[in-house]
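Trainee: Before we start, here is the structure in question, set down as structure tokens.
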Amino acid sequence: MSDEYILEMAGIQKSFPGVRALKGVNLAVRPGTVHGVMGENGAGKSTLMKIAIGLYHPDAGSIRLRGKPASFVNVHDALSRGISMIHQEMSPLPYMTVAQNIFLGREIKNKLGLINHRAIDVEAGRILSELKIDIKPRQIMGKLSVAQMQLVEIAEAVSRGADLIIMDEPTSALTEKEVAHLFSIIRSLKDRGTAVIYITHKLDEVFAITDEVTVYRDGEFVGHESSAELTRERLIKMMVGRTVDQFFQKETATFGEPVLEVEGLTRRGYFRDISFSVRSGEILGVAGLVGAGRTEVMESLFGYAPKQAGTIRMRGKPIRINNTYDAIRAGIAFLTEDRKRTGLYLNLSVRDNIIMPSIRNNLAMLLVKHKALRKICTDAVASLRIKTPSLSQPVMFLSGGNQQKVLVSRWLATAPSVLILDEPTRGIDVATKSEIYKLMSNLAKEGKAIILISSEMPEILAMSDRIMVMHEGSKVGEIDRAEATQEKILHMATGESLSTFEEKRYY
Amino acid sequence: MEEDKSLARAESPVLAFMAKYSILLILIGLCILIAVLSGGVFLRIGNLLNVLRQISVIGIIALGVTMCIITAGIDLSSGAVLAMVAVVVASLVQTPDAMDRLFPGGHPWNLGLVIVIGMVIGLFLGFLNGAMITQLRIPPFIATLGMMTFARGWAFIYSQGRPRGSLTDQFQALAQGSLLGIPNPAVVLLFCVLLTYVILQHTMWGRYTYAIGSNLQAAIVSGIKTNRYLLLVYSYAGFLYAISAIVLTSRIGSGQPGLGLGYELDAIAASVIGGTSLAGGLGSAGGTLIGALIIGVMKNGLDILNVSADWQQIARAIIIVVAVTIDVRKNARRS
């Protein structure tokens, strides 16, 4: 490639009625590099990417592809000119084979104009093995894991001859092992000279995989840096315009009596013999790799999933939790990790989303006390600063961060004494993250007991007073805040108990 | 995504109003059109009341169907449940000589008791729908399809395949009377609309109905005992079908096992025209009333204009497609 950049976008502007989404931003991607695109929700990343793949047309600005001025008529145009995007939400055809998915719409035909299945299988197999992806062309798509489907999409992009692949938060549903595998595939793409635009919220990944980073904020270009020269602190500052210390707003509260005590909780096939307790004012972090059973423990505790054994005590008294209703009545709240699947009522209003679990406590003669509930909602919107034009706005039109605030309000409205927060900052912008950390600190100070599940190590380390570590369905141990380090937790999470870890260290 | 979401906020108030009340505007437009074409005949009080009377049965059924669709379910059994209730009710209020054929030496039963029996049958059949859906985990489409065949079969078996006519004057008078000049069937319809509105908007059950239809898993996490409320919804729907059966039987003066054939689809159409989303979580009692009115007004208008029944079907197909297209567009623009 003779040109310095494969894709150059300069001075790109794009407005929607009432919003200036992009105010003249730049992006320049070199071939054979991984280029991180960072920014909060609303920064304009997705609009810019939609312009890059031909879905939107810019109002102003220039695009150069391989050094030549270019403009894309539509997505097909961009695809045929070597730009592919791996979307966050994939839409494979589950009953067709991997090879058929890869060549969907571009089937290889024989002389009679019929599909040549063998040629498709052979060609798909060649691409998959070239990329060192261990998937057979004849496997059924629907039986693959999310991670594998993603790799198939990458193979499809390569088979189209894409030399620029855009990945939109590709690791959001992957285990650490799968992430490592994805990264090795990305590196092999680089070696082929393919450029990758990598959109992510996770700071760690920026340093692990990208060569360069471009940061956007509020539709404006903030900066473009080489990843090797960038520090974490500087990156956060570029994204939010403030420093790390202001980011995790942790204040340790005074701890009271144990509120929730769990003993010997077991769900066959998922986790066994889990015991822990959490005191009022305390934040108990739960760490572990994806698949360690952290979420599953909380689901069973909350009555959302079954359990075979275990006792649960609230303020010393044993309680029975057979379903979620029992759990909520006992004063437990559960902010689930998958907002869309188990949290939001997407087409219902902000108000309905907030009040559902608390309607029960706001009835007069079978009728809903709308006035009291409206007050709960307006208070929540004001105190959590939820950005919504009105309470009757369907929640699907809110940004991820505001949706998460709506869900937090939902649970606070039930006046819980124990709050289980499962990945509370997943997929939300940095500014809202910071607000949620502050809120957690404040809730702890008010005397609530908080259980925090998180896959983001900095978050666990900064926010937890005590950390329980799980590995393959078992509790490995607990570490106090003062002694917790990323290294220790990772060792425990990969299956080595704290004692063996310390032995290794001392001998 | 963030950027697109802002679009909804930028909408002008006039457009927002039009979007919110688009179905009502369609109804008003349709009324004006027909009023003009019919040279004012349409607007006569007598005719308007007639429209209300004509839509009462479908309207009451559609309210029940709406509740089911809001839970992201469906109910195909409404017409057959109506027939089942109709033949049982009719058989109990036949004049003594007509009754002899089914119950030799029988006398018409107490009117209030008969109405209660009809409602209990409707409730029970609806409950069975709910039980199949929540306990046997059969998809609502299949469960209520089964109930449709089952209830229709029983209606024929029970009535021995014959219409049950010669109903008592007292029973027939139910649908003949009026309240403040409004025919009784319309009064019953309006009462059912009000009842359903209060349930949907002002009770926990109603709000839970939306939650269940919008996101079942989220509803479970919110502490909602979803099976219990689904059972309630399908039972209530059955109850409404029974009411419509009593209204219809009284109005036509006989209970026939073939009654209500295809009503389930008309009711679904009224519900969907009225803004109920088959995806669940969206719909209202008022919207369904308007949906039923649109169908009724159009039929009435076409009758006045002497359009044949065959062409009326075509017209109805067009209005369904137009109304739903507008509705889909309205929602698409917002997302």
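To be explicit about the labels: the chains of the structure tokens are called A, B, and onward in the order shown, and within each one the residues are counted from 1, while ligands get numbers from 1 in the order they are shown.
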Out of stretch 127-204 of chain B, which residues get helix (DSSP H, G or I) from DSSP, as a count of residues only?
Mentor: 56
Trainee: Output as an NGL selection string the set of chain A residues within 7 Å of chain B, with distances taken over only C-alpha atoms.
Mentor: :A and (16-19 or 21 or 41-42 or 46 or 304 or 324-325 or 328 or 341-348 or 356-357 or 359-360 or 366-368 or 389 or 397-399)
Trainee: Could you give me, as a PyMOL selection string, the residues within 10 Å of B:Val41, counting only C-alpha atoms and dropping anything in the same chain fewer than 5 positions from it?
Mentor: chain B and resi 34-36+46-48+301+304-305
Trainee: Using only C-alpha atoms, which residues sit within 8 Å of A:Ile332 once same-chain residues fewer than 3 positions away are excluded, as a list in words?
Mentor: Phe302, Ala327, Ile328, Arg329, Pro416, Ser417, Val418, Leu419 and Ile420 of chain A
Trainee: Restrict the selected residues to C-alpha atoms and save them as a JSON list (two decimals), in the first residue's frame.
Mentor:
```json
[["chain", "number", "residue", "atom", "x", "y", "z"],
["A", 302, "PHE", "CA", -32.91, -13.44, 44.46],
["A", 327, "ALA", "CA", -36.78, -11.39, 47.70],
["A", 328, "ILE", "CA", -38.11, -7.90, 47.03],
["A", 329, "ARG", "CA", -40.37, -8.11, 50.07],
["A", 416, "PRO", "CA", -34.13, -2.04, 49.76],
["A", 417, "SER", "CA", -31.65, -2.81, 52.52],
["A", 418, "VAL", "CA", -29.51, -4.97, 50.23],
["A", 419, "LEU", "CA", -28.62, -3.87, 46.70],
["A", 420, "ILE", "CA", -27.13, -6.37, 44.31]]
```
Trainee: Using DSSP on the backbone coordinates, identify all residues within stretch 154-196 of chain A classified as strand (DSSP E); present the result as a ChimeraX atom specification.
Mentor: /A:164-168,195-196
Trainee: Quick one: residues within 6 Å of A:Leu265, only C-alpha atoms, excluding same-chain residues fewer than 3 positions away - as a PyMOL selection string?
Mentor: chain A and resi 273-274+309-310
Trainee: How would the residues just chosen look if you wrote them out with N, CA and C atoms as a CSV table (one decimal), in the first residue's frame?
Mentor:
```
chain,number,residue,atom,x,y,z
A,273,ASP,N,-22.1,-24.6,47.4
A,273,ASP,CA,-21.6,-24.2,48.8
A,273,ASP,C,-21.0,-22.8,48.9
A,274,ILE,N,-21.8,-21.8,48.5
A,274,ILE,CA,-21.4,-20.5,48.5
A,274,ILE,C,-21.9,-19.8,49.8
A,309,ALA,N,-29.8,-26.0,47.8
A,309,ALA,CA,-29.5,-26.0,49.2
A,309,ALA,C,-29.1,-24.6,49.6
A,310,GLY,N,-29.1,-24.3,50.8
A,310,GLY,CA,-28.6,-23.0,51.3
A,310,GLY,C,-29.5,-22.3,52.2
```
Trainee: Given only C-alpha atoms as the basis, pick out the residue of A:Arg481, A:Arg81, A:Arg279, A:Lys237 nearest to A:Gly39.
Mentor: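 Selected residue with least distance to A:Gly39: A:Lys237.
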Trainee: Extract, using only C-alpha atoms, all DNA, RNA and protein residues at most 8 Å from stretch 254-259 of chain A, discarding same-chain residues fewer than 4 positions from it, and format them as a list in words.
Mentor: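 Answer for this query is Ser277, Val278, Arg279, Ser280, Gly281, Glu282, Arg313, Met314, Arg315, Gly316, Ser417, Val418, Lys445, Gly447 and Ala449 of chain A.
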Trainee: Mind checking which residues fall within 6 Å of stretch 462-479 of chain A, counting only C-alpha atoms, ignoring those fewer than 6 positions away in the same chain, and posting them as a PyMOL selection string?
Mentor: chain A and resi 250+270-272+283-288+292-293+493+495+497
Trainee: Closest to B:Ala80 among B:Ile182, B:Ile246, B:Ile318, B:Ala151, using only C-alpha atoms?
Mentor: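 Using only C-alpha atoms, the shortest distance to B:Ala80 belongs to B:Ala151.
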Trainee: Would you mind reading off the distance between atom CA of A:Val152 and atom CA of A:Ala28, one decimal, in Å?
Mentor: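 Going from atom CA of A:Val152 over to atom CA of A:Ala28, I get 26.9 Å.
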Trainee: A:Asn26, A:Gln150, A:Thr432, A:Thr311: which is nearest A:Phe221, counting only C-alpha atoms?
Mentor: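 Once distances to A:Phe221 are computed over only C-alpha atoms, the minimum belongs to A:Asn26.
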